[in-house]
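This is target.cif (mmCIF, N, CA and C atoms).
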data_work
loop_
_atom_site.group_PDB
_atom_site.id
_atom_site.type_symbol
_atom_site.label_atom_id
_atom_site.label_comp_id
_atom_site.auth_asym_id
_atom_site.auth_seq_id
_atom_site.Cartn_x
_atom_site.Cartn_y
_atom_site.Cartn_z
ATOM 1 N N MET A 26 -2.848 12.790 8.096
ATOM 2 C CA MET A 26 -2.934 11.423 8.570
ATOM 3 C C MET A 26 -1.569 11.044 9.157
ATOM 4 N N ASP A 27 -1.615 10.463 10.292
ATOM 5 C CA ASP A 27 -0.409 10.036 10.989
ATOM 6 C C ASP A 27 0.012 8.653 10.507
ATOM 7 N N LEU A 28 1.310 8.397 10.500
ATOM 8 C CA LEU A 28 1.819 7.100 10.061
ATOM 9 C C LEU A 28 1.264 5.970 10.922
ATOM 10 N N ASP A 29 1.034 6.237 12.207
ATOM 11 C CA ASP A 29 0.457 5.220 13.088
ATOM 12 C C ASP A 29 -0.966 4.861 12.680
ATOM 13 N N ASP A 30 -1.691 5.821 12.086
ATOM 14 C CA ASP A 30 -3.044 5.534 11.603
ATOM 15 C C ASP A 30 -3.010 4.519 10.471
ATOM 16 N N ILE A 31 -1.980 4.604 9.636
ATOM 17 C CA ILE A 31 -1.851 3.700 8.506
ATOM 18 C C ILE A 31 -1.338 2.340 8.959
ATOM 19 N N LEU A 32 -0.309 2.366 9.770
ATOM 20 C CA LEU A 32 0.383 1.139 10.132
ATOM 21 C C LEU A 32 -0.218 0.421 11.319
ATOM 22 N N GLY A 33 -0.953 1.119 12.136
ATOM 23 C CA GLY A 33 -1.473 0.502 13.349
ATOM 24 C C GLY A 33 -0.401 0.465 14.418
ATOM 25 N N SER A 34 -0.725 -0.129 15.523
ATOM 26 C CA SER A 34 0.210 -0.125 16.643
ATOM 27 C C SER A 34 0.921 -1.455 16.839
ATOM 28 N N ARG A 35 0.698 -2.402 15.925
ATOM 29 C CA ARG A 35 1.347 -3.709 16.067
ATOM 30 C C ARG A 35 2.819 -3.605 15.687
ATOM 31 N N PRO A 36 3.706 -3.934 16.596
ATOM 32 C CA PRO A 36 5.133 -3.860 16.279
ATOM 33 C C PRO A 36 5.580 -4.918 15.276
ATOM 34 N N ASP A 37 4.812 -5.989 15.124
ATOM 35 C CA ASP A 37 5.184 -7.060 14.198
ATOM 36 C C ASP A 37 4.538 -6.883 12.824
ATOM 37 N N ASP A 38 3.918 -5.731 12.591
ATOM 38 C CA ASP A 38 3.299 -5.450 11.304
ATOM 39 C C ASP A 38 4.371 -5.435 10.216
ATOM 40 N N PRO A 39 4.173 -6.172 9.118
ATOM 41 C CA PRO A 39 5.189 -6.249 8.066
ATOM 42 C C PRO A 39 5.538 -4.892 7.452
ATOM 43 N N LEU A 40 4.562 -4.022 7.310
ATOM 44 C CA LEU A 40 4.836 -2.704 6.742
ATOM 45 C C LEU A 40 5.698 -1.877 7.691
ATOM 46 N N SER A 41 5.429 -1.967 8.971
ATOM 47 C CA SER A 41 6.255 -1.260 9.954
ATOM 48 C C SER A 41 7.693 -1.767 9.903
ATOM 49 N N ALA A 42 7.851 -3.075 9.811
ATOM 50 C CA ALA A 42 9.194 -3.664 9.729
ATOM 51 C C ALA A 42 9.904 -3.208 8.465
ATOM 52 N N LEU A 43 9.180 -3.142 7.363
ATOM 53 C CA LEU A 43 9.757 -2.700 6.099
ATOM 54 C C LEU A 43 10.277 -1.269 6.210
ATOM 55 N N LEU A 44 9.515 -0.407 6.856
ATOM 56 C CA LEU A 44 9.909 0.990 6.989
ATOM 57 C C LEU A 44 11.087 1.183 7.935
ATOM 58 N N ARG A 45 11.281 0.264 8.845
ATOM 59 C CA ARG A 45 12.397 0.362 9.800
ATOM 60 C C ARG A 45 13.655 -0.336 9.301
ATOM 61 N N GLU A 46 13.553 -1.086 8.222
ATOM 62 C CA GLU A 46 14.681 -1.876 7.745
ATOM 63 C C GLU A 46 15.877 -0.990 7.393
ATOM 64 N N ASP A 47 17.063 -1.430 7.776
ATOM 65 C CA ASP A 47 18.303 -0.711 7.497
ATOM 66 C C ASP A 47 18.645 -0.856 6.018
ATOM 67 N N LEU A 48 18.657 0.247 5.295
ATOM 68 C CA LEU A 48 18.942 0.210 3.870
ATOM 69 C C LEU A 48 20.441 0.262 3.576
ATOM 70 N N ASP A 49 21.242 0.598 4.583
ATOM 71 C CA ASP A 49 22.690 0.720 4.376
ATOM 72 C C ASP A 49 23.329 -0.591 3.941
ATOM 73 N N ARG A 50 22.762 -1.693 4.323
ATOM 74 C CA ARG A 50 23.370 -2.985 4.015
ATOM 75 C C ARG A 50 23.039 -3.486 2.605
ATOM 76 N N LEU A 51 22.143 -2.778 1.900
ATOM 77 C CA LEU A 51 21.701 -3.216 0.584
ATOM 78 C C LEU A 51 22.561 -2.602 -0.521
ATOM 79 N N SER A 52 22.786 -3.397 -1.565
ATOM 80 C CA SER A 52 23.518 -2.907 -2.732
ATOM 81 C C SER A 52 22.582 -2.055 -3.591
ATOM 82 N N VAL A 53 23.152 -1.382 -4.580
ATOM 83 C CA VAL A 53 22.348 -0.585 -5.500
ATOM 84 C C VAL A 53 21.340 -1.478 -6.223
ATOM 85 N N ALA A 54 21.779 -2.633 -6.674
ATOM 86 C CA ALA A 54 20.875 -3.557 -7.365
ATOM 87 C C ALA A 54 19.739 -3.998 -6.444
ATOM 88 N N GLU A 55 20.058 -4.274 -5.190
ATOM 89 C CA GLU A 55 19.022 -4.679 -4.236
ATOM 90 C C GLU A 55 18.055 -3.530 -3.965
ATOM 91 N N LEU A 56 18.577 -2.309 -3.886
ATOM 92 C CA LEU A 56 17.712 -1.152 -3.680
ATOM 93 C C LEU A 56 16.801 -0.933 -4.885
ATOM 94 N N GLU A 57 17.344 -1.113 -6.081
ATOM 95 C CA GLU A 57 16.527 -0.973 -7.289
ATOM 96 C C GLU A 57 15.438 -2.043 -7.344
ATOM 97 N N ALA A 58 15.773 -3.252 -6.951
ATOM 98 C CA ALA A 58 14.784 -4.329 -6.915
ATOM 99 C C ALA A 58 13.711 -4.027 -5.878
ATOM 100 N N ARG A 59 14.117 -3.480 -4.760
ATOM 101 C CA ARG A 59 13.170 -3.109 -3.702
ATOM 102 C C ARG A 59 12.211 -2.036 -4.208
ATOM 103 N N ILE A 60 12.758 -1.033 -4.885
ATOM 104 C CA ILE A 60 11.930 0.038 -5.436
ATOM 105 C C ILE A 60 10.940 -0.522 -6.449
ATOM 106 N N ALA A 61 11.407 -1.406 -7.323
ATOM 107 C CA ALA A 61 10.521 -2.011 -8.327
ATOM 108 C C ALA A 61 9.390 -2.784 -7.652
ATOM 109 N N ALA A 62 9.719 -3.517 -6.618
ATOM 110 C CA ALA A 62 8.702 -4.283 -5.896
ATOM 111 C C ALA A 62 7.697 -3.347 -5.217
ATOM 112 N N LEU A 63 8.195 -2.285 -4.614
ATOM 113 C CA LEU A 63 7.301 -1.334 -3.947
ATOM 114 C C LEU A 63 6.433 -0.593 -4.958
ATOM 115 N N GLU A 64 7.004 -0.239 -6.114
ATOM 116 C CA GLU A 64 6.204 0.405 -7.154
ATOM 117 C C GLU A 64 5.117 -0.541 -7.662
ATOM 118 N N GLY A 65 5.429 -1.818 -7.766
ATOM 119 C CA GLY A 65 4.429 -2.804 -8.143
ATOM 120 C C GLY A 65 3.317 -2.880 -7.121
ATOM 121 N N GLU A 66 3.664 -2.816 -5.858
ATOM 122 C CA GLU A 66 2.664 -2.863 -4.795
ATOM 123 C C GLU A 66 1.812 -1.597 -4.793
ATOM 124 N N ILE A 67 2.436 -0.463 -5.079
ATOM 125 C CA ILE A 67 1.680 0.787 -5.184
ATOM 126 C C ILE A 67 0.667 0.679 -6.321
ATOM 127 N N ALA A 68 1.097 0.179 -7.463
ATOM 128 C CA ALA A 68 0.194 0.021 -8.614
ATOM 129 C C ALA A 68 -0.948 -0.923 -8.270
ATOM 130 N N ARG A 69 -0.656 -2.011 -7.587
ATOM 131 C CA ARG A 69 -1.697 -2.967 -7.186
ATOM 132 C C ARG A 69 -2.693 -2.310 -6.241
ATOM 133 N N SER A 70 -2.188 -1.507 -5.306
ATOM 134 C CA SER A 70 -3.057 -0.803 -4.361
ATOM 135 C C SER A 70 -3.934 0.211 -5.080
ATOM 136 N N ARG A 71 -3.360 0.929 -6.049
ATOM 137 C CA ARG A 71 -4.142 1.905 -6.819
ATOM 138 C C ARG A 71 -5.242 1.222 -7.636
ATOM 139 N N ARG A 72 -4.927 0.048 -8.207
ATOM 140 C CA ARG A 72 -5.950 -0.697 -8.945
ATOM 141 C C ARG A 72 -7.088 -1.115 -8.014
ATOM 142 N N LYS A 73 -6.758 -1.513 -6.801
ATOM 143 C CA LYS A 73 -7.780 -1.906 -5.826
ATOM 144 C C LYS A 73 -8.660 -0.712 -5.467
ATOM 145 N N ILE A 74 -8.042 0.436 -5.278
ATOM 146 C CA ILE A 74 -8.805 1.652 -4.984
ATOM 147 C C ILE A 74 -9.735 1.977 -6.146
ATOM 148 N N ASP A 75 -9.201 1.943 -7.376
ATOM 149 C CA ASP A 75 -10.019 2.227 -8.558
ATOM 150 C C ASP A 75 -11.193 1.266 -8.657
ATOM 151 N N HIS A 76 -10.934 -0.006 -8.410
ATOM 152 C CA HIS A 76 -12.003 -1.009 -8.454
ATOM 153 C C HIS A 76 -13.073 -0.700 -7.408
ATOM 154 N N ALA A 77 -12.650 -0.345 -6.204
ATOM 155 C CA ALA A 77 -13.602 -0.058 -5.132
ATOM 156 C C ALA A 77 -14.436 1.176 -5.466
ATOM 157 N N VAL A 78 -13.797 2.202 -6.014
ATOM 158 C CA VAL A 78 -14.520 3.426 -6.370
ATOM 159 C C VAL A 78 -15.511 3.138 -7.501
ATOM 160 N N ASN A 79 -15.060 2.396 -8.519
ATOM 161 C CA ASN A 79 -15.948 2.074 -9.630
ATOM 162 C C ASN A 79 -17.101 1.180 -9.194
ATOM 163 N N HIS A 80 -16.821 0.244 -8.318
ATOM 164 C CA HIS A 80 -17.866 -0.640 -7.798
ATOM 165 C C HIS A 80 -18.911 0.180 -7.044
ATOM 166 N N ARG A 81 -18.432 1.111 -6.235
ATOM 167 C CA ARG A 81 -19.342 1.965 -5.467
ATOM 168 C C ARG A 81 -20.184 2.828 -6.400
ATOM 169 N N ALA A 82 -19.553 3.388 -7.435
ATOM 170 C CA ALA A 82 -20.285 4.226 -8.379
ATOM 171 C C ALA A 82 -21.349 3.405 -9.110
ATOM 172 N N SER A 83 -21.016 2.178 -9.462
ATOM 173 C CA SER A 83 -21.985 1.308 -10.125
ATOM 174 C C SER A 83 -23.168 1.007 -9.207
ATOM 175 N N ALA A 84 -22.881 0.736 -7.956
ATOM 176 C CA ALA A 84 -23.948 0.454 -6.992
ATOM 177 C C ALA A 84 -24.808 1.682 -6.779
ATOM 178 N N ASP A 85 -24.178 2.844 -6.673
ATOM 179 C CA ASP A 85 -24.936 4.089 -6.490
ATOM 180 C C ASP A 85 -25.852 4.327 -7.692
ATOM 181 N N ALA A 86 -25.332 4.090 -8.900
ATOM 182 C CA ALA A 86 -26.147 4.296 -10.108
ATOM 183 C C ALA A 86 -27.307 3.311 -10.151
ATOM 184 N N LEU A 87 -27.060 2.098 -9.729
ATOM 185 C CA LEU A 87 -28.112 1.085 -9.725
ATOM 186 C C LEU A 87 -29.244 1.475 -8.795
ATOM 187 N N PHE A 88 -28.885 2.001 -7.643
ATOM 188 C CA PHE A 88 -29.885 2.350 -6.637
ATOM 189 C C PHE A 88 -30.244 3.827 -6.669
ATOM 190 N N LYS A 89 -29.783 4.546 -7.685
ATOM 191 C CA LYS A 89 -30.117 5.969 -7.908
ATOM 192 C C LYS A 89 -29.878 6.831 -6.688
ATOM 193 N N ARG A 90 -28.700 6.735 -6.128
ATOM 194 C CA ARG A 90 -28.364 7.575 -4.974
ATOM 195 C C ARG A 90 -28.094 8.979 -5.394
#
With the file now loaded, output its structure as structure tokens.
Amino acid sequence: MDLDDILGSRPDDPLSALLREDLDRLSVAELEARIAALEGEIARSRRKIDHAVNHRASADALFKR
């Protein structure tokens, strides 16, 4: 999968801006806070995926697919 497939082609996309951000200007504490925030977002995304998969499995079981 290409990064453009994930991010799309919009130059103003917040995720694209995040990936282009200059990290040199950030302190260690700021970098650690950034990592914590991104790890939180990863966990939230994984929970959403799990919910979607479980919801689909429940629907499949209901309709005996």
Please extract the residues of chain A with a backbone DSSP assignment of alpha helix (DSSP H) and present them as a PDB file with N, CA and C atoms, in the frame of the given file.
ATOM      1  N   LEU A  28       1.310   8.397  10.500  1.00  0.00           N
ATOM      2  CA  LEU A  28       1.819   7.100  10.061  1.00  0.00           C
ATOM      3  C   LEU A  28       1.264   5.970  10.922  1.00  0.00           C
ATOM      4  N   ASP A  29       1.034   6.237  12.207  1.00  0.00           N
ATOM      5  CA  ASP A  29       0.457   5.220  13.088  1.00  0.00           C
ATOM      6  C   ASP A  29      -0.966   4.861  12.680  1.00  0.00           C
ATOM      7  N   ASP A  30      -1.691   5.821  12.086  1.00  0.00           N
ATOM      8  CA  ASP A  30      -3.044   5.534  11.603  1.00  0.00           C
ATOM      9  C   ASP A  30      -3.010   4.519  10.471  1.00  0.00           C
ATOM     10  N   ILE A  31      -1.980   4.604   9.636  1.00  0.00           N
ATOM     11  CA  ILE A  31      -1.851   3.700   8.506  1.00  0.00           C
ATOM     12  C   ILE A  31      -1.338   2.340   8.959  1.00  0.00           C
ATOM     13  N   LEU A  32      -0.309   2.366   9.770  1.00  0.00           N
ATOM     14  CA  LEU A  32       0.383   1.139  10.132  1.00  0.00           C
ATOM     15  C   LEU A  32      -0.218   0.421  11.319  1.00  0.00           C
ATOM     16  N   PRO A  39       4.173  -6.172   9.118  1.00  0.00           N
ATOM     17  CA  PRO A  39       5.189  -6.249   8.066  1.00  0.00           C
ATOM     18  C   PRO A  39       5.538  -4.892   7.452  1.00  0.00           C
ATOM     19  N   LEU A  40       4.562  -4.022   7.310  1.00  0.00           N
ATOM     20  CA  LEU A  40       4.836  -2.704   6.742  1.00  0.00           C
ATOM     21  C   LEU A  40       5.698  -1.877   7.691  1.00  0.00           C
ATOM     22  N   SER A  41       5.429  -1.967   8.971  1.00  0.00           N
ATOM     23  CA  SER A  41       6.255  -1.260   9.954  1.00  0.00           C
ATOM     24  C   SER A  41       7.693  -1.767   9.903  1.00  0.00           C
ATOM     25  N   ALA A  42       7.851  -3.075   9.811  1.00  0.00           N
ATOM     26  CA  ALA A  42       9.194  -3.664   9.729  1.00  0.00           C
ATOM     27  C   ALA A  42       9.904  -3.208   8.465  1.00  0.00           C
ATOM     28  N   LEU A  43       9.180  -3.142   7.363  1.00  0.00           N
ATOM     29  CA  LEU A  43       9.757  -2.700   6.099  1.00  0.00           C
ATOM     30  C   LEU A  43      10.277  -1.269   6.210  1.00  0.00           C
ATOM     31  N   LEU A  44       9.515  -0.407   6.856  1.00  0.00           N
ATOM     32  CA  LEU A  44       9.909   0.990   6.989  1.00  0.00           C
ATOM     33  C   LEU A  44      11.087   1.183   7.935  1.00  0.00           C
ATOM     34  N   ARG A  45      11.281   0.264   8.845  1.00  0.00           N
ATOM     35  CA  ARG A  45      12.397   0.362   9.800  1.00  0.00           C
ATOM     36  C   ARG A  45      13.655  -0.336   9.301  1.00  0.00           C
ATOM     37  N   VAL A  53      23.152  -1.382  -4.580  1.00  0.00           N
ATOM     38  CA  VAL A  53      22.348  -0.585  -5.500  1.00  0.00           C
ATOM     39  C   VAL A  53      21.340  -1.478  -6.223  1.00  0.00           C
ATOM     40  N   ALA A  54      21.779  -2.633  -6.674  1.00  0.00           N
ATOM     41  CA  ALA A  54      20.875  -3.557  -7.365  1.00  0.00           C
ATOM     42  C   ALA A  54      19.739  -3.998  -6.444  1.00  0.00           C
ATOM     43  N   GLU A  55      20.058  -4.274  -5.190  1.00  0.00           N
ATOM     44  CA  GLU A  55      19.022  -4.679  -4.236  1.00  0.00           C
ATOM     45  C   GLU A  55      18.055  -3.530  -3.965  1.00  0.00           C
ATOM     46  N   LEU A  56      18.577  -2.309  -3.886  1.00  0.00           N
ATOM     47  CA  LEU A  56      17.712  -1.152  -3.680  1.00  0.00           C
ATOM     48  C   LEU A  56      16.801  -0.933  -4.885  1.00  0.00           C
ATOM     49  N   GLU A  57      17.344  -1.113  -6.081  1.00  0.00           N
ATOM     50  CA  GLU A  57      16.527  -0.973  -7.289  1.00  0.00           C
ATOM     51  C   GLU A  57      15.438  -2.043  -7.344  1.00  0.00           C
ATOM     52  N   ALA A  58      15.773  -3.252  -6.951  1.00  0.00           N
ATOM     53  CA  ALA A  58      14.784  -4.329  -6.915  1.00  0.00           C
ATOM     54  C   ALA A  58      13.711  -4.027  -5.878  1.00  0.00           C
ATOM     55  N   ARG A  59      14.117  -3.480  -4.760  1.00  0.00           N
ATOM     56  CA  ARG A  59      13.170  -3.109  -3.702  1.00  0.00           C
ATOM     57  C   ARG A  59      12.211  -2.036  -4.208  1.00  0.00           C
ATOM     58  N   ILE A  60      12.758  -1.033  -4.885  1.00  0.00           N
ATOM     59  CA  ILE A  60      11.930   0.038  -5.436  1.00  0.00           C
ATOM     60  C   ILE A  60      10.940  -0.522  -6.449  1.00  0.00           C
ATOM     61  N   ALA A  61      11.407  -1.406  -7.323  1.00  0.00           N
ATOM     62  CA  ALA A  61      10.521  -2.011  -8.327  1.00  0.00           C
ATOM     63  C   ALA A  61       9.390  -2.784  -7.652  1.00  0.00           C
ATOM     64  N   ALA A  62       9.719  -3.517  -6.618  1.00  0.00           N
ATOM     65  CA  ALA A  62       8.702  -4.283  -5.896  1.00  0.00           C
ATOM     66  C   ALA A  62       7.697  -3.347  -5.217  1.00  0.00           C
ATOM     67  N   LEU A  63       8.195  -2.285  -4.614  1.00  0.00           N
ATOM     68  CA  LEU A  63       7.301  -1.334  -3.947  1.00  0.00           C
ATOM     69  C   LEU A  63       6.433  -0.593  -4.958  1.00  0.00           C
ATOM     70  N   GLU A  64       7.004  -0.239  -6.114  1.00  0.00           N
ATOM     71  CA  GLU A  64       6.204   0.405  -7.154  1.00  0.00           C
ATOM     72  C   GLU A  64       5.117  -0.541  -7.662  1.00  0.00           C
ATOM     73  N   GLY A  65       5.429  -1.818  -7.766  1.00  0.00           N
ATOM     74  CA  GLY A  65       4.429  -2.804  -8.143  1.00  0.00           C
ATOM     75  C   GLY A  65       3.317  -2.880  -7.121  1.00  0.00           C
ATOM     76  N   GLU A  66       3.664  -2.816  -5.858  1.00  0.00           N
ATOM     77  CA  GLU A  66       2.664  -2.863  -4.795  1.00  0.00           C
ATOM     78  C   GLU A  66       1.812  -1.597  -4.793  1.00  0.00           C
ATOM     79  N   ILE A  67       2.436  -0.463  -5.079  1.00  0.00           N
ATOM     80  CA  ILE A  67       1.680   0.787  -5.184  1.00  0.00           C
ATOM     81  C   ILE A  67       0.667   0.679  -6.321  1.00  0.00           C
ATOM     82  N   ALA A  68       1.097   0.179  -7.463  1.00  0.00           N
ATOM     83  CA  ALA A  68       0.194   0.021  -8.614  1.00  0.00           C
ATOM     84  C   ALA A  68      -0.948  -0.923  -8.270  1.00  0.00           C
ATOM     85  N   ARG A  69      -0.656  -2.011  -7.587  1.00  0.00           N
ATOM     86  CA  ARG A  69      -1.697  -2.967  -7.186  1.00  0.00           C
ATOM     87  C   ARG A  69      -2.693  -2.310  -6.241  1.00  0.00           C
ATOM     88  N   SER A  70      -2.188  -1.507  -5.306  1.00  0.00           N
ATOM     89  CA  SER A  70      -3.057  -0.803  -4.361  1.00  0.00           C
ATOM     90  C   SER A  70      -3.934   0.211  -5.080  1.00  0.00           C
ATOM     91  N   ARG A  71      -3.360   0.929  -6.049  1.00  0.00           N
ATOM     92  CA  ARG A  71      -4.142   1.905  -6.819  1.00  0.00           C
ATOM     93  C   ARG A  71      -5.242   1.222  -7.636  1.00  0.00           C
ATOM     94  N   ARG A  72      -4.927   0.048  -8.207  1.00  0.00           N
ATOM     95  CA  ARG A  72      -5.950  -0.697  -8.945  1.00  0.00           C
ATOM     96  C   ARG A  72      -7.088  -1.115  -8.014  1.00  0.00           C
ATOM     97  N   LYS A  73      -6.758  -1.513  -6.801  1.00  0.00           N
ATOM     98  CA  LYS A  73      -7.780  -1.906  -5.826  1.00  0.00           C
ATOM     99  C   LYS A  73      -8.660  -0.712  -5.467  1.00  0.00           C
ATOM    100  N   ILE A  74      -8.042   0.436  -5.278  1.00  0.00           N
ATOM    101  CA  ILE A  74      -8.805   1.652  -4.984  1.00  0.00           C
ATOM    102  C   ILE A  74      -9.735   1.977  -6.146  1.00  0.00           C
ATOM    103  N   ASP A  75      -9.201   1.943  -7.376  1.00  0.00           N
ATOM    104  CA  ASP A  75     -10.019   2.227  -8.558  1.00  0.00           C
ATOM    105  C   ASP A  75     -11.193   1.266  -8.657  1.00  0.00           C
ATOM    106  N   HIS A  76     -10.934  -0.006  -8.410  1.00  0.00           N
ATOM    107  CA  HIS A  76     -12.003  -1.009  -8.454  1.00  0.00           C
ATOM    108  C   HIS A  76     -13.073  -0.700  -7.408  1.00  0.00           C
ATOM    109  N   ALA A  77     -12.650  -0.345  -6.204  1.00  0.00           N
ATOM    110  CA  ALA A  77     -13.602  -0.058  -5.132  1.00  0.00           C
ATOM    111  C   ALA A  77     -14.436   1.176  -5.466  1.00  0.00           C
ATOM    112  N   VAL A  78     -13.797   2.202  -6.014  1.00  0.00           N
ATOM    113  CA  VAL A  78     -14.520   3.426  -6.370  1.00  0.00           C
ATOM    114  C   VAL A  78     -15.511   3.138  -7.501  1.00  0.00           C
ATOM    115  N   ASN A  79     -15.060   2.396  -8.519  1.00  0.00           N
ATOM    116  CA  ASN A  79     -15.948   2.074  -9.630  1.00  0.00           C
ATOM    117  C   ASN A  79     -17.101   1.180  -9.194  1.00  0.00           C
ATOM    118  N   HIS A  80     -16.821   0.244  -8.318  1.00  0.00           N
ATOM    119  CA  HIS A  80     -17.866  -0.640  -7.798  1.00  0.00           C
ATOM    120  C   HIS A  80     -18.911   0.180  -7.044  1.00  0.00           C
ATOM    121  N   ARG A  81     -18.432   1.111  -6.235  1.00  0.00           N
ATOM    122  CA  ARG A  81     -19.342   1.965  -5.467  1.00  0.00           C
ATOM    123  C   ARG A  81     -20.184   2.828  -6.400  1.00  0.00           C
ATOM    124  N   ALA A  82     -19.553   3.388  -7.435  1.00  0.00           N
ATOM    125  CA  ALA A  82     -20.285   4.226  -8.379  1.00  0.00           C
ATOM    126  C   ALA A  82     -21.349   3.405  -9.110  1.00  0.00           C
ATOM    127  N   SER A  83     -21.016   2.178  -9.462  1.00  0.00           N
ATOM    128  CA  SER A  83     -21.985   1.308 -10.125  1.00  0.00           C
ATOM    129  C   SER A  83     -23.168   1.007  -9.207  1.00  0.00           C
ATOM    130  N   ALA A  84     -22.881   0.736  -7.956  1.00  0.00           N
ATOM    131  CA  ALA A  84     -23.948   0.454  -6.992  1.00  0.00           C
ATOM    132  C   ALA A  84     -24.808   1.682  -6.779  1.00  0.00           C
ATOM    133  N   ASP A  85     -24.178   2.844  -6.673  1.00  0.00           N
ATOM    134  CA  ASP A  85     -24.936   4.089  -6.490  1.00  0.00           C
ATOM    135  C   ASP A  85     -25.852   4.327  -7.692  1.00  0.00           C
ATOM    136  N   ALA A  86     -25.332   4.090  -8.900  1.00  0.00           N
ATOM    137  CA  ALA A  86     -26.147   4.296 -10.108  1.00  0.00           C
ATOM    138  C   ALA A  86     -27.307   3.311 -10.151  1.00  0.00           C
ATOM    139  N   LEU A  87     -27.060   2.098  -9.729  1.00  0.00           N
ATOM    140  CA  LEU A  87     -28.112   1.085  -9.725  1.00  0.00           C
ATOM    141  C   LEU A  87     -29.244   1.475  -8.795  1.00  0.00           C
TER     142      LEU A  87
END
Using only C-alpha atoms, determine which residues lie at most 12 Å from stretch 61-78 of chain A, disregarding the query and same-chain residues fewer than 6 positions distant; provide the list as a list of chain:residue names.
->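 My list of contacting residues is A:Leu40, A:Leu43, A:Leu44, A:Ala54, A:Glu55, A:Ala84, A:Asp85.
Straight-line separation from atom CA of A:Arg35 to atom CA of A:Leu48: 21.8 Å.
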Listed atoms of stretch 44-63 of chain A, axis-aligned box, 8 Å per side: centre and edge lengths to one decimal in Å, as lines of an AutoDock Vina configuration file?
center_x = 15.0
center_y = -1.7
center_z = 0.7
size_x = 33.1
size_y = 21.9
size_z = 34.1
State, in Å with one decimal place, the distance from atom N of A:Ser41 to atom CA of A:His80.
-> 28.7 Å
